[in-house]
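Have a look at coords19.cif; it's mmCIF, C-alpha atoms:
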data_work
#
loop_
_atom_site.group_PDB
_atom_site.id
_atom_site.type_symbol
_atom_site.label_atom_id
_atom_site.label_comp_id
_atom_site.auth_asym_id
_atom_site.auth_seq_id
_atom_site.Cartn_x
_atom_site.Cartn_y
_atom_site.Cartn_z
ATOM 1 C CA MET A 1 128.664 -0.570 264.106
ATOM 2 C CA ALA A 2 131.390 -2.474 265.935
ATOM 3 C CA THR A 3 134.991 -2.501 264.701
ATOM 4 C CA GLY A 4 137.611 -5.149 265.073
ATOM 5 C CA THR A 5 139.062 -3.472 268.154
ATOM 6 C CA GLU A 6 135.819 -2.804 270.050
ATOM 7 C CA PRO A 7 133.389 -5.291 271.591
ATOM 8 C CA PRO A 8 129.941 -5.284 270.026
ATOM 9 C CA ALA A 9 127.173 -3.283 271.656
ATOM 10 C CA THR A 10 125.717 -6.454 273.163
ATOM 11 C CA ASP A 11 129.019 -7.623 274.593
ATOM 12 C CA PRO A 12 128.543 -8.143 278.373
ATOM 13 C CA ARG A 13 132.142 -7.250 279.235
ATOM 14 C CA PRO A 14 132.618 -3.954 281.163
ATOM 15 C CA ARG A 15 133.986 -1.036 279.201
ATOM 16 C CA GLY A 16 135.676 0.775 282.094
ATOM 17 C CA GLY A 17 139.322 0.781 283.003
ATOM 18 C CA THR A 18 141.184 -1.808 284.979
ATOM 19 C CA GLY A 19 140.260 -1.988 288.649
ATOM 20 C CA GLY A 20 139.584 1.034 290.799
ATOM 21 C CA SER A 21 136.355 2.205 292.385
ATOM 22 C CA GLY A 22 133.786 4.922 291.946
ATOM 23 C CA VAL A 23 134.112 6.630 288.567
ATOM 24 C CA ARG A 24 137.214 4.526 287.923
ATOM 25 C CA SER A 25 135.412 1.237 288.408
ATOM 26 C CA ALA A 26 135.208 -1.329 285.626
ATOM 27 C CA SER A 27 131.478 -0.753 285.224
ATOM 28 C CA ARG A 28 131.852 2.915 284.279
ATOM 29 C CA ALA A 29 132.667 4.449 280.901
ATOM 30 C CA ALA A 30 136.365 4.494 280.050
ATOM 31 C CA ILE A 31 137.032 8.264 279.958
ATOM 32 C CA SER A 32 140.650 9.234 280.503
ATOM 33 C CA ALA A 33 139.908 12.838 281.542
ATOM 34 C CA ALA A 34 139.330 13.450 285.243
ATOM 35 C CA HIS A 35 136.272 15.519 284.294
ATOM 36 C CA LEU A 36 134.828 17.329 281.309
ATOM 37 C CA ARG A 37 134.114 20.674 282.957
ATOM 38 C CA THR A 38 135.703 23.716 281.359
ATOM 39 C CA ASP A 39 134.565 26.355 283.879
ATOM 40 C CA ARG A 40 136.477 27.414 286.975
ATOM 41 C CA TRP A 41 134.772 24.828 289.150
ATOM 42 C CA TRP A 42 137.519 25.014 291.775
ATOM 43 C CA LEU A 43 136.708 28.621 292.744
ATOM 44 C CA ALA A 44 133.676 27.706 294.889
ATOM 45 C CA PRO A 45 135.385 25.069 297.080
ATOM 46 C CA ALA A 46 138.519 27.243 297.326
ATOM 47 C CA ALA A 47 136.497 30.264 298.472
ATOM 48 C CA THR A 48 134.570 28.085 300.934
ATOM 49 C CA ALA A 49 137.779 26.674 302.397
ATOM 50 C CA ALA A 50 139.320 30.160 302.656
ATOM 51 C CA GLY A 51 136.243 31.601 304.392
ATOM 52 C CA LEU A 52 135.920 28.769 306.903
ATOM 53 C CA LEU A 53 139.668 28.754 307.581
ATOM 54 C CA ALA A 54 139.638 32.500 308.231
ATOM 55 C CA PHE A 55 136.842 32.092 310.776
ATOM 56 C CA VAL A 56 138.591 29.160 312.475
ATOM 57 C CA VAL A 57 141.819 31.156 312.804
ATOM 58 C CA TYR A 58 140.037 34.249 314.109
ATOM 59 C CA SER A 59 137.770 32.413 316.564
ATOM 60 C CA THR A 60 140.692 30.351 317.887
ATOM 61 C CA TRP A 61 142.716 33.499 318.522
ATOM 62 C CA ARG A 62 139.828 35.224 320.276
ATOM 63 C CA ALA A 63 138.863 32.174 322.331
ATOM 64 C CA PHE A 64 142.359 31.761 323.739
ATOM 65 C CA ALA A 65 143.036 35.497 324.103
ATOM 66 C CA ASP A 66 140.924 35.566 327.284
ATOM 67 C CA THR A 67 140.802 39.355 327.341
ATOM 68 C CA ASP A 68 138.954 42.353 325.884
ATOM 69 C CA TYR A 69 135.595 40.614 325.712
ATOM 70 C CA TYR A 70 133.539 43.093 327.736
ATOM 71 C CA ALA A 71 132.939 46.797 327.187
ATOM 72 C CA ALA A 72 129.891 48.046 329.084
ATOM 73 C CA PRO A 73 127.207 47.240 328.159
ATOM 74 C CA TYR A 74 128.498 44.807 325.519
ATOM 75 C CA VAL A 75 129.756 41.272 326.124
ATOM 76 C CA SER A 76 131.274 39.300 323.251
ATOM 77 C CA PRO A 77 129.061 36.509 321.870
ATOM 78 C CA PHE A 78 132.116 34.243 322.028
ATOM 79 C CA TYR A 79 132.191 34.610 325.819
ATOM 80 C CA SER A 80 128.489 34.647 326.640
ATOM 81 C CA PRO A 81 127.257 33.243 328.909
ATOM 82 C CA CYS A 82 130.490 33.414 330.858
ATOM 83 C CA LEU A 83 130.296 30.550 333.339
ATOM 84 C CA ALA A 84 133.601 30.960 335.166
ATOM 85 C CA GLU A 85 134.273 32.996 338.283
ATOM 86 C CA ARG A 86 137.109 34.815 336.521
ATOM 87 C CA CYS A 87 134.507 36.731 334.504
ATOM 88 C CA ARG A 88 133.694 38.748 337.604
ATOM 89 C CA THR A 89 137.116 40.353 337.339
ATOM 90 C CA MET A 90 136.213 41.541 333.838
ATOM 91 C CA HIS A 91 132.768 42.974 334.489
ATOM 92 C CA ALA A 92 129.861 42.977 336.894
ATOM 93 C CA GLY A 93 127.384 41.640 334.406
ATOM 94 C CA PRO A 94 124.727 38.941 334.789
ATOM 95 C CA ASN A 95 126.980 35.919 334.213
ATOM 96 C CA SER A 96 127.324 33.364 336.979
ATOM 97 C CA ASP A 97 130.266 31.519 338.504
ATOM 98 C CA LEU A 98 128.910 28.037 337.815
ATOM 99 C CA PHE A 99 132.393 26.615 337.219
ATOM 100 C CA GLY A 100 133.953 28.387 340.195
ATOM 101 C CA GLY A 101 137.559 29.460 340.408
ATOM 102 C CA TRP A 102 139.160 26.160 339.404
ATOM 103 C CA TRP A 103 138.582 26.806 335.696
ATOM 104 C CA GLY A 104 141.919 28.245 334.649
ATOM 105 C CA ILE A 105 141.560 28.802 330.902
ATOM 106 C CA SER A 106 139.521 31.124 328.735
ATOM 107 C CA PRO A 107 135.759 31.076 329.507
ATOM 108 C CA ALA A 108 135.102 30.992 325.763
ATOM 109 C CA ILE A 109 136.359 27.399 325.658
ATOM 110 C CA ILE A 110 133.317 26.377 327.700
ATOM 111 C CA ILE A 111 130.620 27.961 325.590
ATOM 112 C CA LEU A 112 131.975 27.775 322.034
ATOM 113 C CA ILE A 113 131.663 23.987 322.071
ATOM 114 C CA PHE A 114 127.897 24.233 321.575
ATOM 115 C CA PRO A 115 127.481 26.769 318.721
ATOM 116 C CA LEU A 116 130.506 25.314 316.925
ATOM 117 C CA GLY A 117 129.125 21.800 317.366
ATOM 118 C CA PHE A 118 125.833 22.983 315.893
ATOM 119 C CA ARG A 119 127.550 24.504 312.885
ATOM 120 C CA LEU A 120 129.980 21.633 312.318
ATOM 121 C CA THR A 121 127.115 19.135 312.161
ATOM 122 C CA CYS A 122 124.840 21.458 310.142
ATOM 123 C CA TYR A 123 123.815 19.987 306.794
ATOM 124 C CA TYR A 124 125.059 22.998 304.840
ATOM 125 C CA TYR A 125 128.382 23.205 306.670
ATOM 126 C CA ARG A 126 128.920 19.485 306.076
ATOM 127 C CA LYS A 127 128.610 20.127 302.366
ATOM 128 C CA ALA A 128 130.873 23.179 302.661
ATOM 129 C CA TYR A 129 133.800 21.599 304.440
ATOM 130 C CA TYR A 130 133.409 18.172 302.822
ATOM 131 C CA ARG A 131 133.914 19.866 299.470
ATOM 132 C CA GLY A 132 136.282 22.621 300.553
ATOM 133 C CA PHE A 133 138.692 20.600 302.686
ATOM 134 C CA TRP A 134 138.150 16.925 301.904
ATOM 135 C CA ALA A 135 137.258 17.198 298.198
ATOM 136 C CA SER A 136 134.336 14.823 298.749
ATOM 137 C CA PRO A 137 133.505 15.689 296.010
ATOM 138 C CA PRO A 138 135.102 19.069 295.223
ATOM 139 C CA ALA A 139 132.335 20.011 292.768
ATOM 140 C CA CYS A 140 129.487 18.568 290.745
ATOM 141 C CA ALA A 141 130.666 16.178 288.001
ATOM 142 C CA VAL A 142 134.198 16.195 289.439
ATOM 143 C CA ALA A 143 135.292 12.910 290.959
ATOM 144 C CA GLU A 144 136.562 12.836 294.511
ATOM 145 C CA PRO A 145 140.102 11.519 294.974
ATOM 146 C CA HIS A 146 139.172 8.930 297.605
ATOM 147 C CA ARG A 147 139.162 5.241 296.724
ATOM 148 C CA GLY A 148 136.259 4.340 298.985
ATOM 149 C CA TYR A 149 133.206 5.981 300.512
ATOM 150 C CA SER A 150 131.506 4.907 303.734
ATOM 151 C CA GLY A 151 129.307 7.959 304.191
ATOM 152 C CA GLU A 152 128.556 8.944 307.772
ATOM 153 C CA THR A 153 128.304 5.404 309.094
ATOM 154 C CA ARG A 154 131.697 5.220 310.795
ATOM 155 C CA PHE A 155 133.582 7.184 313.426
ATOM 156 C CA PRO A 156 134.101 10.119 313.463
ATOM 157 C CA LEU A 157 131.479 11.143 310.883
ATOM 158 C CA ILE A 158 128.786 9.114 312.601
ATOM 159 C CA LEU A 159 128.867 11.853 315.258
ATOM 160 C CA GLN A 160 127.082 14.067 312.723
ATOM 161 C CA ASN A 161 123.916 12.415 314.028
ATOM 162 C CA LEU A 162 124.255 14.593 317.132
ATOM 163 C CA HIS A 163 123.086 17.584 315.101
ATOM 164 C CA ARG A 164 119.570 17.622 316.581
ATOM 165 C CA TYR A 165 120.968 17.721 320.126
ATOM 166 C CA PHE A 166 123.323 20.548 319.198
ATOM 167 C CA PHE A 167 120.260 22.310 317.776
ATOM 168 C CA TYR A 168 118.640 22.290 321.226
ATOM 169 C CA ALA A 169 121.831 23.749 322.699
ATOM 170 C CA ALA A 170 121.953 26.370 319.919
ATOM 171 C CA ILE A 171 118.436 27.495 320.877
ATOM 172 C CA LEU A 172 119.620 28.120 324.441
ATOM 173 C CA VAL A 173 122.675 30.015 323.194
ATOM 174 C CA ALA A 174 120.461 32.159 320.938
ATOM 175 C CA CYS A 175 118.265 32.960 323.952
ATOM 176 C CA VAL A 176 121.311 34.087 325.937
ATOM 177 C CA LEU A 177 122.525 36.245 323.043
ATOM 178 C CA THR A 178 119.032 37.742 322.799
ATOM 179 C CA TYR A 179 119.285 38.679 326.472
ATOM 180 C CA ASP A 180 122.690 40.247 325.823
ATOM 181 C CA THR A 181 121.200 42.226 322.938
ATOM 182 C CA VAL A 182 118.457 43.583 325.202
ATOM 183 C CA LEU A 183 121.092 44.578 327.775
ATOM 184 C CA SER A 184 123.051 46.396 325.070
ATOM 185 C CA PHE A 185 120.366 49.085 325.206
ATOM 186 C CA ARG A 186 121.500 50.037 328.709
ATOM 187 C CA ASP A 187 124.441 52.297 329.507
ATOM 188 C CA GLU A 188 127.442 51.485 331.681
ATOM 189 C CA HIS A 189 125.404 52.423 334.749
ATOM 190 C CA TYR A 190 122.675 49.915 333.771
ATOM 191 C CA ALA A 191 120.166 52.660 332.972
ATOM 192 C CA TRP A 192 117.790 52.015 330.071
ATOM 193 C CA GLY A 193 117.603 54.351 327.118
ATOM 194 C CA HIS A 194 121.082 53.857 325.691
ATOM 195 C CA MET A 195 121.670 52.997 322.055
ATOM 196 C CA GLY A 196 125.094 52.919 320.506
ATOM 197 C CA LEU A 197 126.504 51.491 317.313
ATOM 198 C CA GLY A 198 127.234 48.318 319.248
ATOM 199 C CA SER A 199 123.530 47.972 320.058
ATOM 200 C CA LEU A 200 122.753 47.876 316.343
ATOM 201 C CA VAL A 201 125.614 45.443 315.684
ATOM 202 C CA PHE A 202 124.195 43.133 318.333
ATOM 203 C CA LEU A 203 120.649 43.524 316.987
ATOM 204 C CA VAL A 204 121.687 42.563 313.456
ATOM 205 C CA ASN A 205 123.747 39.663 314.786
ATOM 206 C CA ILE A 206 120.973 38.133 316.904
ATOM 207 C CA THR A 207 118.488 38.506 314.029
ATOM 208 C CA LEU A 208 120.793 36.527 311.749
ATOM 209 C CA ILE A 209 121.566 33.999 314.490
ATOM 210 C CA TRP A 210 117.865 33.285 314.996
ATOM 211 C CA ALA A 211 117.188 33.150 311.252
ATOM 212 C CA TYR A 212 120.027 30.671 310.728
ATOM 213 C CA THR A 213 119.076 28.552 313.748
ATOM 214 C CA LEU A 214 115.394 28.353 312.802
ATOM 215 C CA SER A 215 116.215 27.594 309.161
ATOM 216 C CA CYS A 216 117.925 24.386 310.293
ATOM 217 C CA HIS A 217 116.669 21.172 308.684
ATOM 218 C CA SER A 218 116.214 19.623 312.128
ATOM 219 C CA CYS A 219 113.996 22.515 313.190
ATOM 220 C CA ARG A 220 111.849 22.066 310.101
ATOM 221 C CA HIS A 221 111.492 18.359 310.829
ATOM 222 C CA ILE A 222 110.690 18.925 314.511
ATOM 223 C CA VAL A 223 107.927 21.406 313.642
ATOM 224 C CA GLY A 224 106.173 19.442 310.917
ATOM 225 C CA GLY A 225 108.242 16.553 309.648
ATOM 226 C CA ARG A 226 106.239 13.796 311.354
ATOM 227 C CA LEU A 227 102.738 15.098 310.724
ATOM 228 C CA ARG A 228 100.523 12.843 308.623
ATOM 229 C CA HIS A 229 97.746 15.380 308.059
ATOM 230 C CA PHE A 230 98.633 19.051 307.861
ATOM 231 C CA SER A 231 94.936 19.936 307.785
ATOM 232 C CA ARG A 232 94.591 18.716 311.368
ATOM 233 C CA HIS A 233 97.478 20.891 312.570
ATOM 234 C CA PRO A 234 97.007 24.303 310.887
ATOM 235 C CA VAL A 235 99.291 26.179 313.301
ATOM 236 C CA ARG A 236 102.185 23.757 312.928
ATOM 237 C CA TYR A 237 101.595 23.703 309.178
ATOM 238 C CA ARG A 238 102.006 27.485 308.982
ATOM 239 C CA MET A 239 105.125 27.261 311.138
ATOM 240 C CA TRP A 240 106.466 24.499 308.875
ATOM 241 C CA GLN A 241 105.853 26.682 305.817
ATOM 242 C CA ALA A 242 107.598 29.687 307.391
ATOM 243 C CA ILE A 243 110.616 27.610 308.411
ATOM 244 C CA GLY A 244 110.629 26.072 304.937
ATOM 245 C CA ARG A 245 111.019 29.525 303.413
ATOM 246 C CA LEU A 246 113.939 30.194 305.736
ATOM 247 C CA ASN A 247 115.380 26.767 304.974
ATOM 248 C CA ALA A 248 115.541 27.664 301.283
ATOM 249 C CA ARG A 249 118.055 30.367 302.280
ATOM 250 C CA HIS A 250 119.958 28.213 304.746
ATOM 251 C CA MET A 251 123.286 28.623 302.959
ATOM 252 C CA LEU A 252 123.022 32.419 302.819
ATOM 253 C CA LEU A 253 121.971 32.605 306.466
ATOM 254 C CA ALA A 254 124.799 30.278 307.486
ATOM 255 C CA TRP A 255 127.424 32.594 305.998
ATOM 256 C CA ALA A 256 125.713 35.813 307.068
ATOM 257 C CA SER A 257 125.412 34.697 310.699
ATOM 258 C CA LEU A 258 128.987 33.414 310.713
ATOM 259 C CA VAL A 259 130.252 36.816 309.580
ATOM 260 C CA SER A 260 127.935 38.722 311.925
ATOM 261 C CA VAL A 261 128.987 36.835 315.070
ATOM 262 C CA ALA A 262 132.652 37.403 314.228
ATOM 263 C CA LEU A 263 132.007 41.105 313.596
ATOM 264 C CA ALA A 264 130.108 41.433 316.887
ATOM 265 C CA ASP A 265 133.016 39.904 318.772
ATOM 266 C CA PHE A 266 135.535 42.080 316.910
ATOM 267 C CA TYR A 267 133.487 45.187 317.674
ATOM 268 C CA VAL A 268 133.565 44.389 321.399
ATOM 269 C CA TYR A 269 137.285 43.731 321.150
ATOM 270 C CA LEU A 270 137.924 47.150 319.546
ATOM 271 C CA VAL A 271 135.870 48.971 322.171
ATOM 272 C CA ALA A 272 137.232 46.981 325.118
ATOM 273 C CA SER A 273 140.848 47.413 324.013
ATOM 274 C CA GLY A 274 140.426 51.190 323.635
ATOM 275 C CA ALA A 275 141.069 51.167 319.898
ATOM 276 C CA PHE A 276 137.593 52.461 319.141
ATOM 277 C CA ASP A 277 134.956 54.481 320.996
ATOM 278 C CA ASP A 278 131.391 53.269 320.712
ATOM 279 C CA PRO A 279 129.371 56.009 318.946
ATOM 280 C CA ARG A 280 126.144 56.714 320.825
ATOM 281 C CA PHE A 281 122.937 57.867 319.198
ATOM 282 C CA PHE A 282 121.212 58.604 322.526
#
Kindly present the structure from the file in structure tokens form.
Amino acid sequence: MATGTEPPATDPRPRGGTGGSGVRSASRAAISAAHLRTDRWWLAPAATAAGLLAFVVYSTWRAFADTDYYAAPYVSPFYSPCLAERCRTMHAGPNSDLFGGWWGISPAIIILIFPLGFRLTCYYYRKAYYRGFWASPPACAVAEPHRGYSGETRFPLILQNLHRYFFYAAILVACVLTYDTVLSFRDEHYAWGHMGLGSLVFLVNITLIWAYTLSCHSCRHIVGGRLRHFSRHPVRYRMWQAIGRLNARHMLLAWASLVSVALADFYVYLVASGAFDDPRFF
């Protein structure tokens, strides 16, 4: 029943506030509270921001350190494949001198562009840093503080469409890291039959790297996203199902592989700097 101060239920006038956009637009309900959530909704975006910031700080330090990235037979995943001639002064491993001697900064700057580009454009990581850093939105049922929203249709966010191409590059990087993992089962004299703690660290890391890479939404679409009849493509259908199961754990695999690649690099750093001796099982 309408009162003298409220418009009747059939009144066509908007009941929102005055001006604004989004949840503050005139067509939305006039609720003064920013949100009605009573839980600690801010913990998730705060933890996400802290975790991503910690990795950015660590990886930046290691990329520009340009030292302690090889301890036979281990090469840091941040520096592999090392494409600069300067790597030859660090070790006699399989890396080439594609960039020659003119490249004067850390070799990691060359290679980290591709795995970081893959992760930055990843659908899960978009959600993570959009919420954690840009508050867009910070949580479900909590309004974002921005007045307008253009999605990923303008620069620089339109570059997110490069994700599929970064996926192809990430596959190549994963292949190189797989090769490094195989080589980690050799000793410093390149004789097979060695297995140290670092070998296991590398094995766990490459397993998580492959699981995260293959759980990518682009990978799932490439395998079976454009098929009209699964019954005519039984092999691709089974592959699509397997990747779908991985895709359901994409968030977990994203964090696990992020931690594992940082730990693998840190392990090489400890061994290469002499702070830690690699325990050998045989």
Residues of segment 151-205 of chain A that approach segment 104-116 of chain A to 10 Å or less, counting all atoms listed in the file: could you list each one with the shortest pair of atoms and its distance in Å to one decimal, rows by chain and increasing residue number, as JSON lines?
{"residue": "A:Tyr165", "atom": "CA", "partner": "A:Phe114", "partner_atom": "CA", "distance": 9.6}
{"residue": "A:Phe166", "atom": "CA", "partner": "A:Phe114", "partner_atom": "CA", "distance": 6.3}
{"residue": "A:Phe167", "atom": "CA", "partner": "A:Pro115", "partner_atom": "CA", "distance": 8.5}
{"residue": "A:Tyr168", "atom": "CA", "partner": "A:Phe114", "partner_atom": "CA", "distance": 9.5}
{"residue": "A:Ala169", "atom": "CA", "partner": "A:Phe114", "partner_atom": "CA", "distance": 6.2}
{"residue": "A:Ala170", "atom": "CA", "partner": "A:Pro115", "partner_atom": "CA", "distance": 5.7}
{"residue": "A:Ile171", "atom": "CA", "partner": "A:Pro115", "partner_atom": "CA", "distance": 9.3}
{"residue": "A:Leu172", "atom": "CA", "partner": "A:Phe114", "partner_atom": "CA", "distance": 9.6}
{"residue": "A:Val173", "atom": "CA", "partner": "A:Pro115", "partner_atom": "CA", "distance": 7.3}
{"residue": "A:Ala174", "atom": "CA", "partner": "A:Pro115", "partner_atom": "CA", "distance": 9.1}
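Between atom CA of Gly132 of chain A and atom CA of Thr38 of chain A there is a distance of 19.2 Å.
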| Which residues come within 8 Å of Asp265 of chain A, counting only C-alpha atoms, excluding same-chain residues fewer than 5 positions away, as a list in words? | Tyr69, Ser76, Pro77 and Phe78 of chain A
| query | Suppose you want the space between atom CA of Pro45 of chain A and atom CA of Tyr124 of chain A; what is it in Å? | reply | 13.1 Å
Could you produce a table of the residues of segment 122-141 of chain A lying within 10 Å of segment 235-259 of chain A, with the nearest pair of atoms per residue and their separation in Å rounded to one decimal, using only C-alpha atoms, ordered by chain and increasing residue number, as JSON lines?
{"residue": "A:Cys122", "atom": "CA", "partner": "A:Ala254", "partner_atom": "CA", "distance": 9.2}
{"residue": "A:Tyr123", "atom": "CA", "partner": "A:His250", "partner_atom": "CA", "distance": 9.3}
{"residue": "A:Tyr124", "atom": "CA", "partner": "A:Met251", "partner_atom": "CA", "distance": 6.2}
{"residue": "A:Tyr125", "atom": "CA", "partner": "A:Ala254", "partner_atom": "CA", "distance": 8.0}
{"residue": "A:Ala128", "atom": "CA", "partner": "A:Met251", "partner_atom": "CA", "distance": 9.3}
| field | Straight-line distance linking atom CA of Thr207 of chain A with atom CA of Ala264 of chain A, stated in Å to one decimal | value | 12.3 Å
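Closest approach to Thr181 of chain A from the set A:Gly224, A:Pro137, A:Pro145, A:Pro73 is made by A:Pro73, with distances taken over all atoms listed in the file.
The nearest approach to Asp277 of chain A among the residues A:Thr121, A:Arg62, A:Asp180, A:Ala72, with all atoms listed in the file taken into account, belongs to A:Ala72.
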Please determine the residues with any atom at most 8 Å from (131.5, 8.4, 297.0) (coordinates as given in the file, with only C-alpha atoms counting) and report them as a compact mmCIF listing (two decimals) with C-alpha atoms, in the coordinates of the input.
# COMPACT_ATOMS: atom_id res chain seq x y z
CA GLY A 22 133.79 4.92 291.95
CA SER A 136 134.34 14.82 298.75
CA PRO A 137 133.50 15.69 296.01
CA GLU A 144 136.56 12.84 294.51
CA HIS A 146 139.17 8.93 297.60
CA GLY A 148 136.26 4.34 298.98
CA TYR A 149 133.21 5.98 300.51
CA SER A 150 131.51 4.91 303.73
CA GLY A 151 129.31 7.96 304.19
Could segment 173-196 of chain A be completed with N, CA and C atoms and returned as a compact mmCIF listing (two decimals), in the coordinates of the input?
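Result saved to result.txt:
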# COMPACT_ATOMS: atom_id res chain seq x y z
N VAL A 173 121.66 28.99 323.44
CA VAL A 173 122.68 30.02 323.19
C VAL A 173 122.04 31.25 322.55
N ALA A 174 121.14 31.03 321.59
CA ALA A 174 120.46 32.16 320.94
C ALA A 174 119.63 32.95 321.94
N CYS A 175 119.03 32.26 322.91
CA CYS A 175 118.26 32.96 323.95
C CYS A 175 119.18 33.83 324.80
N VAL A 176 120.35 33.31 325.14
CA VAL A 176 121.31 34.09 325.94
C VAL A 176 121.78 35.30 325.15
N LEU A 177 122.07 35.12 323.86
CA LEU A 177 122.52 36.24 323.04
C LEU A 177 121.41 37.27 322.85
N THR A 178 120.17 36.81 322.85
CA THR A 178 119.03 37.74 322.80
C THR A 178 119.00 38.59 324.06
N TYR A 179 119.23 37.96 325.20
CA TYR A 179 119.28 38.68 326.47
C TYR A 179 120.41 39.70 326.46
N ASP A 180 121.57 39.32 325.93
CA ASP A 180 122.69 40.25 325.82
C ASP A 180 122.35 41.43 324.92
N THR A 181 121.60 41.16 323.86
CA THR A 181 121.20 42.23 322.94
C THR A 181 120.27 43.22 323.63
N VAL A 182 119.34 42.70 324.43
CA VAL A 182 118.46 43.58 325.20
C VAL A 182 119.27 44.44 326.16
N LEU A 183 120.25 43.83 326.83
CA LEU A 183 121.09 44.58 327.78
C LEU A 183 121.98 45.61 327.08
N SER A 184 122.21 45.44 325.78
CA SER A 184 123.05 46.40 325.07
C SER A 184 122.37 47.75 324.91
N PHE A 185 121.09 47.82 325.25
CA PHE A 185 120.37 49.08 325.21
C PHE A 185 120.35 49.77 326.57
N ARG A 186 121.26 49.34 327.45
CA ARG A 186 121.50 50.04 328.71
C ARG A 186 122.89 50.68 328.66
N ASP A 187 123.12 51.68 329.47
CA ASP A 187 124.44 52.30 329.51
C ASP A 187 125.31 51.58 330.54
N GLU A 188 126.51 52.13 330.75
CA GLU A 188 127.44 51.48 331.68
C GLU A 188 126.97 51.52 333.12
N HIS A 189 125.97 52.36 333.40
CA HIS A 189 125.40 52.42 334.75
C HIS A 189 124.11 51.61 334.85
N TYR A 190 123.84 50.79 333.83
CA TYR A 190 122.68 49.92 333.77
C TYR A 190 121.36 50.68 333.74
N ALA A 191 121.38 51.87 333.15
CA ALA A 191 120.17 52.66 332.97
C ALA A 191 119.67 52.47 331.54
N TRP A 192 118.36 52.23 331.39
CA TRP A 192 117.79 52.02 330.07
C TRP A 192 117.75 53.32 329.28
N GLY A 193 117.69 53.19 327.98
CA GLY A 193 117.60 54.35 327.12
C GLY A 193 118.86 54.61 326.34
N HIS A 194 119.83 53.71 326.43
CA HIS A 194 121.08 53.86 325.69
C HIS A 194 120.98 53.12 324.36
N MET A 195 121.52 53.71 323.32
CA MET A 195 121.67 53.00 322.06
C MET A 195 122.92 53.49 321.37
N GLY A 196 123.87 52.59 321.21
CA GLY A 196 125.09 52.92 320.51
C GLY A 196 125.20 52.10 319.24
